[in-house]
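S.K.: This is the structure I have questions about; it appears just below.
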Amino acid sequence: MKFTEEHEWLEVEDDLVVVGITEHASEQLGDIVFVEVPEAGTTVTKGDEVVVIESVKAASDILAPLDGEIVEANGALEENPGLVNEDPTGKGWFFKMKVEDLSALDDYMDEAEYKDFIG
Amino acid sequence: MADLKRTVFFDLHNELGAKMVPFAGYEMPVQYKLGVMKEHLHTRASAGLFDVSHMGQVILRPRSGDLADVAAALEALVPVSVLGLKEGRQRYAMFTNDAGGILDDLMVANRGDHLFLVVNAACKEADIAHLRAHLSDACEIEVIEDRALVALQGPAAEKALSRLNPYAAGMRFMDSANLGFFGEECWVSRSGYTGEDGYEVSVPNGKAVDLARALLEMDEVEAIGLGARDSLRLEAGLCLYGHDIDETTSPVEAALEWAIQKVRRKGGAREGGFPGAARILDELENGTTRRRVGILPEGRAPMREGTGLFADAEGGAAIGTVTSGAYGPSIERPMAMGYVEIDHAVDGTQIFGEVRGKHLPAIVSPLPFRPSNYKR
């Protein structure tokens with residue numbers, strides 16, 4: 001699993017990159033009450049705002065961590081946004097994307113580096 | 001947070017794992033370990049304890065010895081009947097300005113030989129200056145610095161507070177009384193700002209932590225932060241000063257005319273005589289061009305403060321703005337309040353809120369969003 005400075009986790013699964021937010025991020029956001037995920041087939045550029053999360057406190061955007069195409073989004077979150085708090089690295093995943101070059105993930109932090117990053 | 005003031009409960013908040021934030025010049029708990037959602041639901045299901053010591057507590061004592069003189073003087077600043085407030089009773093009021101806007105909203109209690117006011121933290125310095133400027137001839141104005149203020153709210157509040165003093169159970173909604181706790185006289189009202197039954201207790205600083213700990217040790221009671229306080233009051237349809245009401249909103253635009261008794265209205269025995277009376281009395285007769293309403297978004301996306309409101313899904317000219325918006329944990333959907341042009345203020349009207357560039361459907365809805373649970 002890889003991690004971004006925006007507190008996303010990335011995991012390669014069947015040549016696709018699965019993206020969600022870390023437990024640390026979900027704790028900081030508080031109770032999540034709304035998630036809007038992108039439609040499958042959307043082409044995204046790294047840094048695009050692809051997911052909107054609203055917690056009891058505020059709205060936040062989740063950025064595309066890589067260039068690529070969204071091939072599947074976690075529709076369960078629209079009905080049950082609390083999954084992001086309950087199981088951020090499991091059932092609370094946001095989307096799966098197809099990327100040209102999986103080696104682009106190497107630029108991101110591994111778990112030990114991320115733990116240092118969040119102190 | 002060096003410049004921020006702290007309440008007497010600061011160490012207790014930290015001990016309870018509170019997340020502290022700056023609020024109205026104070027360092028206050030926005031949430032504890034339970035988090036906003038569970039704190040909200042706990043208050044509705046059982047009882048929540050809130051530190052509201054940042055709010056201003058002010059006593060007005062008549063120089064003449066006759067409380068009616070203070071009540072009459074205060075009526076020059078508020079459009080409500082203070083002379084009609086019986087001993088041992090409290091009511092909601094607002095200071096108005098000459099333009100008919102609202103300087104602050106407050107609670108006034110008749111405590112026999114004096115009036116007791118509770119005002120908003122963010123406005124208290126201005127309110128005290130306002131009182132001194134206008135009421136110094138009629139009364140002594142005493143700002144209470146040696147007492148904390150806690151609110152105990154929820155269906156189990158009566159059971160919890162009555163364990164410490166059984167007389168609490170005998171109070172009705174908006175009663176005000178002296179009750180002893182830990183050998184100290186506390187000023188208790190059966191009121192609050194959550195839509196639940198409950199109490200506000202003004203307690204001497206020296207016993208405040210003891211009282212809070214005694215309540216928190218009870219199974220029914222959890223500490224509740226400002227985050228849940230906000231979602232609770234919004235579900236209850238109650239205004240937050242500086243957001244839903246301010247110097248530019250009149251009490252009638254704000255749908256607070258229920259707080260203006262007949263005796264202060266046109267044809268009443270003490271008609272007018274408060275700042276902005278010309279506008280407010282006219283609006284009571286003839287209505288306003290905009291009005292505060294409840295708004296229920298039809299989808300799951302919250303419509304936050306500042307969200308533009310429209311009559312058409314295509315947009316066009318805005319018909320209003322959201323002034324408070326959040327997720328309602330008890331109603332399990334997003335909720336908002338805001339001002340809309342009067343033609344769109346009828347319950348059931350379809351409107352649209354602009355969220356991230358999209359015009360999302362919402363319905364103008366009655367307030368409160370959830371029936372209140374006061375012990376009348």
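Identifiers for the structure tokens are assigned positionally: chains receive A, B, ... in sequence, residues are indexed from 1 per chain, and ligands are indexed from 1 in the order shown.
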Need to verify the contact set: A:Ser26, 7 Å, only C-alpha atoms, exclusion of same-chain residues closer than 6 positions in sequence. Can you return it as number ranges by chain?
M.R.: A: 84-85, 88
S.K.: Restricting it to all heavy atoms, dump the selection as a PDB file, in the first residue's frame.
M.R.:
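This is the output file result.pdb:
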ATOM      1  N   VAL A  84     -16.795   4.932   5.316  1.00  0.00           N
ATOM      2  CA  VAL A  84     -15.450   5.529   5.280  1.00  0.00           C
ATOM      3  C   VAL A  84     -14.875   5.650   6.687  1.00  0.00           C
ATOM      4  O   VAL A  84     -13.671   5.493   6.897  1.00  0.00           O
ATOM      5  CB  VAL A  84     -15.474   6.903   4.569  1.00  0.00           C
ATOM      6  CG1 VAL A  84     -14.073   7.515   4.531  1.00  0.00           C
ATOM      7  CG2 VAL A  84     -16.052   6.777   3.170  1.00  0.00           C
ATOM      8  N   ASN A  85     -15.724   5.910   7.683  1.00  0.00           N
ATOM      9  CA  ASN A  85     -15.255   5.944   9.063  1.00  0.00           C
ATOM     10  C   ASN A  85     -15.054   4.540   9.622  1.00  0.00           C
ATOM     11  O   ASN A  85     -14.092   4.277  10.333  1.00  0.00           O
ATOM     12  CB  ASN A  85     -16.264   6.667   9.970  1.00  0.00           C
ATOM     13  CG  ASN A  85     -16.401   8.132   9.645  1.00  0.00           C
ATOM     14  OD1 ASN A  85     -17.444   8.574   9.190  1.00  0.00           O
ATOM     15  ND2 ASN A  85     -15.347   8.912   9.839  1.00  0.00           N
ATOM     16  N   PRO A  88     -12.033   2.477   6.613  1.00  0.00           N
ATOM     17  CA  PRO A  88     -11.492   3.356   5.564  1.00  0.00           C
ATOM     18  C   PRO A  88     -10.618   2.617   4.544  1.00  0.00           C
ATOM     19  O   PRO A  88     -10.615   3.002   3.365  1.00  0.00           O
ATOM     20  CB  PRO A  88     -10.695   4.404   6.344  1.00  0.00           C
ATOM     21  CG  PRO A  88     -10.491   3.842   7.700  1.00  0.00           C
ATOM     22  CD  PRO A  88     -11.639   2.915   7.964  1.00  0.00           C
TER      23      PRO A  88
END
S.K.: Each residue of chain B with at least one atom at most 8 Å from chain A should appear once, together with its nearest atom pair and the corresponding distance in Å (one decimal); atoms considered: only C-alpha atoms; ordering: chain, then increasing residue number; output as a Markdown table.
M.R.:
| residue | atom | partner | partner_atom | distance |
| --- | --- | --- | --- | --- |
| B:Gly35 | CA | A:Gly30 | CA | 6.9 |
| B:Val36 | CA | A:Val56 | CA | 7.0 |
| B:Met37 | CA | A:Asp31 | CA | 6.4 |
| B:Gly227 | CA | A:Lys57 | CA | 7.6 |
| B:Arg300 | CA | A:Phe34 | CA | 6.2 |
| B:Ala301 | CA | A:Phe34 | CA | 5.9 |
| B:Pro302 | CA | A:Glu54 | CA | 7.5 |
| B:Ala326 | CA | A:Val56 | CA | 6.8 |
| B:Tyr327 | CA | A:Val56 | CA | 6.3 |
S.K.: Hey, what does DSSP flag as helix (DSSP H, G or I) within stretch 3-96 of chain B? Can you give it to me as a ChimeraX atom specification?
M.R.: /B:10-15,36-45,67-75
S.K.: For the atom pair atom CA of B:Glu125 and atom CA of B:Val78, what is the interatomic distance in Å to one decimal place?
M.R.: 17.5 Å
S.K.: Which residue out of B:Glu285, B:Ser176, B:Ser324, B:Leu296 has the minimum interatomic distance to B:Glu257 when only C-alpha atoms are used?
M.R.: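 The shortest atom-to-atom distance to B:Glu257 comes from B:Glu285.
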S.K.: When you look at A:Glu13 with a cut-off of 10 Å (counting only C-alpha atoms), what residues show up, excluding the ones that are within fewer than 4 positions of it in the same chain? I need them as an mmCIF file with N, CA, C and O atoms, in the first residue's frame.
M.R.:
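And here is the file that came out, part.cif:
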data_model
loop_
_atom_site.group_PDB
_atom_site.id
_atom_site.type_symbol
_atom_site.label_atom_id
_atom_site.label_comp_id
_atom_site.auth_asym_id
_atom_site.auth_seq_id
_atom_site.Cartn_x
_atom_site.Cartn_y
_atom_site.Cartn_z
ATOM 1 N N VAL A 17 -5.548 0.470 -9.761
ATOM 2 C CA VAL A 17 -5.173 1.124 -8.511
ATOM 3 C C VAL A 17 -6.450 1.460 -7.737
ATOM 4 O O VAL A 17 -7.320 2.185 -8.238
ATOM 5 N N VAL A 18 -6.574 0.887 -6.549
ATOM 6 C CA VAL A 18 -7.722 1.175 -5.677
ATOM 7 C C VAL A 18 -7.325 2.346 -4.779
ATOM 8 O O VAL A 18 -6.207 2.381 -4.259
ATOM 9 N N LYS A 96 -11.629 2.688 -8.319
ATOM 10 C CA LYS A 96 -10.516 1.940 -8.911
ATOM 11 C C LYS A 96 -10.171 2.614 -10.225
ATOM 12 O O LYS A 96 -11.076 2.994 -10.985
#
S.K.: Mind checking DSSP for stretch 78-318 of chain B and telling me the strand (DSSP E or B) residues as a PyMOL selection string?
M.R.: chain B and resi 89-96+102-110+115-119+139-143+147-153+175-181+184-189+196+198-204+221-223+241+245+290-297+308-312+315-318
S.K.: Using only C-alpha atoms, pick whichever of A:Glu86, A:Glu39, A:Asn74, A:Pro65 has the shortest atom-to-atom distance to A:Tyr108.
M.R.: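 Among A:Glu86, A:Glu39, A:Asn74, A:Pro65, it is A:Pro65 that comes nearest to A:Tyr108.
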S.K.: Any idea what's packed within 9 Å of B:Leu49, counting only C-alpha atoms, ignoring anything in its chain fewer than 4 positions away? Could you give it as a list in words?
M.R.: Thr43, Val150, Ala151, Leu152, Gln153, Ala157, Ala212, Leu215, Leu216, Val221, Glu222, Ala223, Ile224 and Gly225 of chain B
S.K.: Filtering to C-alpha atoms, could you give me those residues as an mmCIF file, in the first residue's frame?
M.R.:
data_model
loop_
_atom_site.group_PDB
_atom_site.id
_atom_site.type_symbol
_atom_site.label_atom_id
_atom_site.label_comp_id
_atom_site.auth_asym_id
_atom_site.auth_seq_id
_atom_site.Cartn_x
_atom_site.Cartn_y
_atom_site.Cartn_z
ATOM 1 C CA THR B 43 -28.329 14.006 23.831
ATOM 2 C CA VAL B 150 -23.725 24.533 32.078
ATOM 3 C CA ALA B 151 -26.620 23.123 30.097
ATOM 4 C CA LEU B 152 -27.941 19.627 30.783
ATOM 5 C CA GLN B 153 -30.150 18.601 27.875
ATOM 6 C CA ALA B 157 -31.884 15.491 32.165
ATOM 7 C CA ALA B 212 -20.056 18.659 36.188
ATOM 8 C CA LEU B 215 -23.379 14.651 36.437
ATOM 9 C CA LEU B 216 -20.812 13.019 34.142
ATOM 10 C CA VAL B 221 -24.840 11.818 30.983
ATOM 11 C CA GLU B 222 -22.068 12.437 28.434
ATOM 12 C CA ALA B 223 -20.092 15.617 27.742
ATOM 13 C CA ILE B 224 -21.195 17.224 24.477
ATOM 14 C CA GLY B 225 -19.245 19.718 22.363
#
S.K.: Tell me which protein, DNA and RNA residues are within 10 Å of A:Val19, counting only C-alpha atoms, leaving out same-chain ones fewer than 4 positions away, and put them as number ranges by chain.
M.R.: A: 1-3, 8-12, 62, 64-65, 73, 89, 92-97
S.K.: Just want the 6 Å neighbourhood of stretch 106-118 of chain B, counted on only C-alpha atoms, with same-chain residues fewer than 3 positions away dropped. Output as a PyMOL selection string.
M.R.: chain B and resi 56-61+67+87-94
S.K.: Neighbours of B:Gly198 within 9 Å (only C-alpha atoms; same-chain residues fewer than 4 positions away dropped), as a list in words?
M.R.: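 Everything that qualifies: Ala47, Ala151, Leu152, Gln153, Gly154, Pro155, Ala156, Ala157, Glu158, Phe173, Ser189, Arg190, Ser191, Gly192, Thr194, Tyr374 and Lys375 of chain B.
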S.K.: Write a file of the selected residues as a PDB file, in the first residue's frame, keeping N, CA and C atoms.
M.R.:
ATOM      1  N   ALA B  47     -28.952  12.164  27.937  1.00  0.00           N
ATOM      2  CA  ALA B  47     -28.679  13.520  28.427  1.00  0.00           C
ATOM      3  C   ALA B  47     -27.257  13.920  28.071  1.00  0.00           C
ATOM      4  N   ALA B 151     -25.299  23.558  30.545  1.00  0.00           N
ATOM      5  CA  ALA B 151     -26.620  23.123  30.097  1.00  0.00           C
ATOM      6  C   ALA B 151     -26.646  21.607  30.173  1.00  0.00           C
ATOM      7  N   LEU B 152     -27.714  21.076  30.753  1.00  0.00           N
ATOM      8  CA  LEU B 152     -27.941  19.627  30.783  1.00  0.00           C
ATOM      9  C   LEU B 152     -29.204  19.384  29.967  1.00  0.00           C
ATOM     10  N   GLN B 153     -29.075  18.669  28.852  1.00  0.00           N
ATOM     11  CA  GLN B 153     -30.150  18.601  27.875  1.00  0.00           C
ATOM     12  C   GLN B 153     -30.458  17.161  27.494  1.00  0.00           C
ATOM     13  N   GLY B 154     -31.736  16.882  27.331  1.00  0.00           N
ATOM     14  CA  GLY B 154     -32.114  15.547  26.883  1.00  0.00           C
ATOM     15  C   GLY B 154     -33.188  14.953  27.771  1.00  0.00           C
ATOM     16  N   PRO B 155     -33.824  13.865  27.299  1.00  0.00           N
ATOM     17  CA  PRO B 155     -34.949  13.278  28.039  1.00  0.00           C
ATOM     18  C   PRO B 155     -34.581  12.768  29.424  1.00  0.00           C
ATOM     19  N   ALA B 156     -33.299  12.469  29.667  1.00  0.00           N
ATOM     20  CA  ALA B 156     -32.903  11.994  30.999  1.00  0.00           C
ATOM     21  C   ALA B 156     -32.360  13.126  31.873  1.00  0.00           C
ATOM     22  N   ALA B 157     -32.436  14.370  31.388  1.00  0.00           N
ATOM     23  CA  ALA B 157     -31.884  15.491  32.165  1.00  0.00           C
ATOM     24  C   ALA B 157     -32.595  15.627  33.515  1.00  0.00           C
ATOM     25  N   GLU B 158     -33.929  15.478  33.513  1.00  0.00           N
ATOM     26  CA  GLU B 158     -34.673  15.636  34.768  1.00  0.00           C
ATOM     27  C   GLU B 158     -34.241  14.588  35.804  1.00  0.00           C
ATOM     28  N   PHE B 173     -41.010  24.032  31.803  1.00  0.00           N
ATOM     29  CA  PHE B 173     -40.284  24.732  30.743  1.00  0.00           C
ATOM     30  C   PHE B 173     -40.309  26.247  30.980  1.00  0.00           C
ATOM     31  N   SER B 189     -32.587  27.347  35.243  1.00  0.00           N
ATOM     32  CA  SER B 189     -33.786  27.522  34.419  1.00  0.00           C
ATOM     33  C   SER B 189     -34.047  26.208  33.692  1.00  0.00           C
ATOM     34  N   ARG B 190     -35.335  25.941  33.462  1.00  0.00           N
ATOM     35  CA  ARG B 190     -35.651  24.735  32.693  1.00  0.00           C
ATOM     36  C   ARG B 190     -35.740  25.162  31.238  1.00  0.00           C
ATOM     37  N   SER B 191     -34.622  25.117  30.570  1.00  0.00           N
ATOM     38  CA  SER B 191     -34.540  25.632  29.206  1.00  0.00           C
ATOM     39  C   SER B 191     -33.275  25.080  28.553  1.00  0.00           C
ATOM     40  N   GLY B 192     -32.959  25.596  27.408  1.00  0.00           N
ATOM     41  CA  GLY B 192     -31.774  25.149  26.696  1.00  0.00           C
ATOM     42  C   GLY B 192     -31.900  25.514  25.242  1.00  0.00           C
ATOM     43  N   THR B 194     -31.522  23.034  22.460  1.00  0.00           N
ATOM     44  CA  THR B 194     -31.351  21.806  21.680  1.00  0.00           C
ATOM     45  C   THR B 194     -32.685  21.251  21.188  1.00  0.00           C
ATOM     46  N   TYR B 374     -40.143  19.755  25.007  1.00  0.00           N
ATOM     47  CA  TYR B 374     -40.109  20.571  26.217  1.00  0.00           C
ATOM     48  C   TYR B 374     -41.144  20.079  27.233  1.00  0.00           C
ATOM     49  N   LYS B 375     -40.841  20.279  28.531  1.00  0.00           N
ATOM     50  CA  LYS B 375     -41.793  19.871  29.576  1.00  0.00           C
ATOM     51  C   LYS B 375     -42.625  21.084  29.993  1.00  0.00           C
TER      52      LYS B 375
END
S.K.: Go through B:Leu309, B:Glu200, B:Leu179, B:Ala72 one by one, measure the shortest atom-to-atom distance of each to B:Gly84 using only C-alpha atoms, and give the residue with the smallest value.
M.R.: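 Selected residue with least distance to B:Gly84: B:Ala72.
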S.K.: Record the distance separating atom CA of A:Leu16 and atom CA of A:Thr43, expressed in Å with one decimal.
M.R.: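 Straight-line distance from atom CA of A:Leu16 to atom CA of A:Thr43 works out to 14.1 Å.
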S.K.: How many Å separate atom CA of B:Glu15 from atom CA of B:Ser53?
M.R.: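 Atom-to-atom, atom CA of B:Glu15 to atom CA of B:Ser53, that is 17.7 Å.
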